[in-house]
Structures are given as C-alpha cells and as structure tokens.
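Here is the structure we will look at.
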Amino acid sequence: MKHILIIASYGPSLINFRIDLIKNLLRRGHKISVACPKINFSIKLQKKLRDLRIRIIFFSLDNTGLNFFKDCKSILEIYKIIKCSKPDLIISYTAKPVIYSGIILKFFKNISYFPLITGLGYTFIYKKSLRHKILRYFIIKLYMISLKNSKKVIFQNKDDQNLFLKLKIIKKKKSSKIVNGSGVDLKKYPLSNLPKKPIFLMISRLLIDKGVREYFEAAKIVSKNFPNVKFLLAGYLDNNPSGISSKKLKLLIKESPVEYLGHIKSVQSILKFCKYYVLPSYREGTLR
C-alpha cells in the first residue's frame, strides 16, 4: 500500500475529473490525500471526498498570474504539506501545482513524482508581445527544473509532448506517457437520441483562448442564412489573464443571437438538449 498525495489548483476538479481515478486507487488498497485551494470548493463537494475517508489539506494559490510573494507563500505551504503528510507518491496537475511540486521535491528524493500536463495555458498561446515572450521563457525554465524530479510526465496529447521535447523541457520520449483524457463515466452520460432542432452548444470558462469570441461571430454568420438555428453558451467568468470581462460579455450577447445560460451546475442536464457541441478552443489538453 502506498500513500498517494494529489495536488490540484482547483478543488472541484478533484470531483469533476479525478474522482474515478481516486476510487480506482482506493480499490487497489492505497491511501489517498488531496491538497488544493479552498476557494469555490463547497462543503458538499468536500463531503464526497471525506465520505471516502480522504484527507483534504488546503493551501493558498493565486491562479491569475505571477506574484513573487503569493507564489512563495504557496510553495512554502505545499512544502509543509508534503513534509507533514509524508506521501510515497505525488500526482499534480495544472501549471503551478506541477511546477511547485517538482521544485519542492528536490528536498524529498524518496518520493515518486508523476506530473500530469492537462494542457498548456495562455503563456504558450500568446507569443507576440515582449511581456509574453519573457513570461514564456521564465515558465519554460521552471518546467525544466521541476520535471527533472519526475518518474514519468503524463500528457493528454502528442502536441504538448512534442513541444516539451522540442523545447528540451523533457529530454527523452520514454520519460513521458500519453493518456488520452481524464475519462468519461458513461453511466453519467447515457446514450440518447439527438434532438431534431438544430441547436448548438458551447460549454467552457469564458476565456478568449477558449474561442468564445469566435463562437459569437460564427453564430451571427450562420443565423443570417439559417434563422431557425439556436446557439447556447454556458460557462462562468474567470479572472484568468485571457478572461472575458463582464462588460465585454454583455456586448457580445447584445450583438449576437447567442443565448447565455450562465454557470450551470450539471453538464448532463444541458448536453442532451443540443444537436451540435462546439468548443473552438485555441489549445486543449484533450482534443475534442
């Protein structure tokens, strides 16, 4: 039996994307702990993990960019979590947990480390401005340092794996593995008949690099020739650097036929009403 610590940047993602992995590891007899920020992680969602006798440890994390003092605080808190919980193996995902965990593990040589690259964010998308070039260079160097301590780097697509090899963030292909997505529980998404009405649906965080603006533009073009087509958008505003502001969102809604549904709690409840699902993202961990 091993003690496995999973480090995440967003608590609800442990339920939405990792719960089946967690249950599988528990069935194999392993002890599981999770570490994540407390923000937006409701008591109800926490209970789903605690009912499985999983320990939840909180740390502070600023996901909106780089701030030396806040990032140092996060690193120190994660260091203390690792030191106190004494795991045999760590799985971390998303940029900051991956980088911070890898840096910290220079001080814990006996812990196996499996970082999961679920996608590359805005740093690897926007390359034109000097600011982004400097930030990208800095992030690449941090990845190089942190992933040296990994047993195996897990990617969700070949493009990200090839880019890391090209940039020499990882040296050999055999030091990494492709896993095609986080998996889908088909019991939660049973087979159903497609609706007859031509309804398009996009579900995502409201970020520029998710293709939200392109979706609004496409809706305007299509609606001119096919007025019976319906366009739906579900998702929430995000303070990510590429996030669309509330003011901009209102303007987009006003100038297009897209119906905005806001932040929905159940993806299943809305998916069955659409005939076409759209995600015009610039870059995703798992291709759709």
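Note on naming: chains are A, B, ... as they come in the structure tokens, residues start from 1 per chain, ligands start from 1 in the order shown.
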Given only C-alpha atoms, how would the per-residue table for segment 121-220 of chain A near segment 57-77 of chain A read, listing every residue at most 12 Å away with its closest atom pair and distance in Å to one decimal, sorted by chain and number, as a Markdown table?
| residue | atom | partner | partner_atom | distance |
| --- | --- | --- | --- | --- |
| A:Gly121 | CA | A:Gly65 | CA | 11.2 |
| A:Tyr122 | CA | A:Gly65 | CA | 10.4 |
| A:Thr123 | CA | A:Gly65 | CA | 9.9 |
| A:His132 | CA | A:Gly65 | CA | 11.6 |
| A:Leu135 | CA | A:Leu66 | CA | 9.0 |
| A:Arg136 | CA | A:Leu66 | CA | 11.7 |
| A:Phe138 | CA | A:Leu66 | CA | 10.5 |
| A:Ile139 | CA | A:Leu66 | CA | 10.1 |
> Any idea what's packed within 9 Å of Lys210 of chain A, counting only C-alpha atoms, ignoring anything in its chain fewer than 6 positions away? Could you give it as a PyMOL selection string?
Replying inline: chain A and resi 204+279-284
>> I'd like the contact shell of segment 39-49 of chain A - 8 Å cut-off, only C-alpha atoms, skipping same-chain residues fewer than 3 positions apart - returned as a PyMOL selection string.
In response: chain A and resi 10-12+15+52-56
> Which residues come within 12 Å of Leu186 of chain A, counting only C-alpha atoms, excluding same-chain residues fewer than 4 positions away, as a count of residues only?
Replying inline: 5
> What residues in segment 116-286 of chain A get the DSSP label alpha helix (DSSP H)? Please answer as a count of residues only.
Replying inline: 55
>> Taking 6 positions as the minimum chain separation for residues in the same chain, which residues sit within 9 Å of Leu14 of chain A when counting only C-alpha atoms? Answer as a ChimeraX atom specification.
In response: /A:6,8,22,34,36,49
> Which residues in segment 179-285 of chain A does DSSP call strand (DSSP E)? List them as a PyMOL selection string.
Replying inline: chain A and resi 199-203+230-234+259-262+276-277
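Interatomic distance, atom CA of Ile90 of chain A against atom CA of Ser242 of chain A: 29.6 Å.
Here atom CA of Phe200 of chain A and atom CA of Ile244 of chain A stand 20.7 Å from one another.
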> So, counting only C-alpha atoms, which residue among A:Val184, A:Ile140, A:Val179, A:Leu194 is closest to Phe124 of chain A?
Replying inline: A:Ile140
>> Neighbouring residues of Ser266 of chain A were defined as those with any atom within 12 Å, considering only C-alpha atoms; residues of the same chain fewer than 6 positions away were excluded. Please report them as JSON, numbers by chain.
In response: {"A": [16, 188, 189, 203, 234, 235, 272]}
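Close contacts of Ile170 of chain A, defined as residues with an atom at most 9 Å away when counting only C-alpha atoms, with chain neighbours fewer than 3 positions off set aside, comprise Tyr143, Met144, Leu147, Lys148, Val153, Gln161, Phe164, Leu165, Lys166, Leu167, Lys173, Ser175 and Ser176 of chain A.
Across A:Lys177, A:His263, A:Arg18, A:Arg205, the tightest approach to Tyr93 of chain A is made by A:Arg18 when counting only C-alpha atoms.
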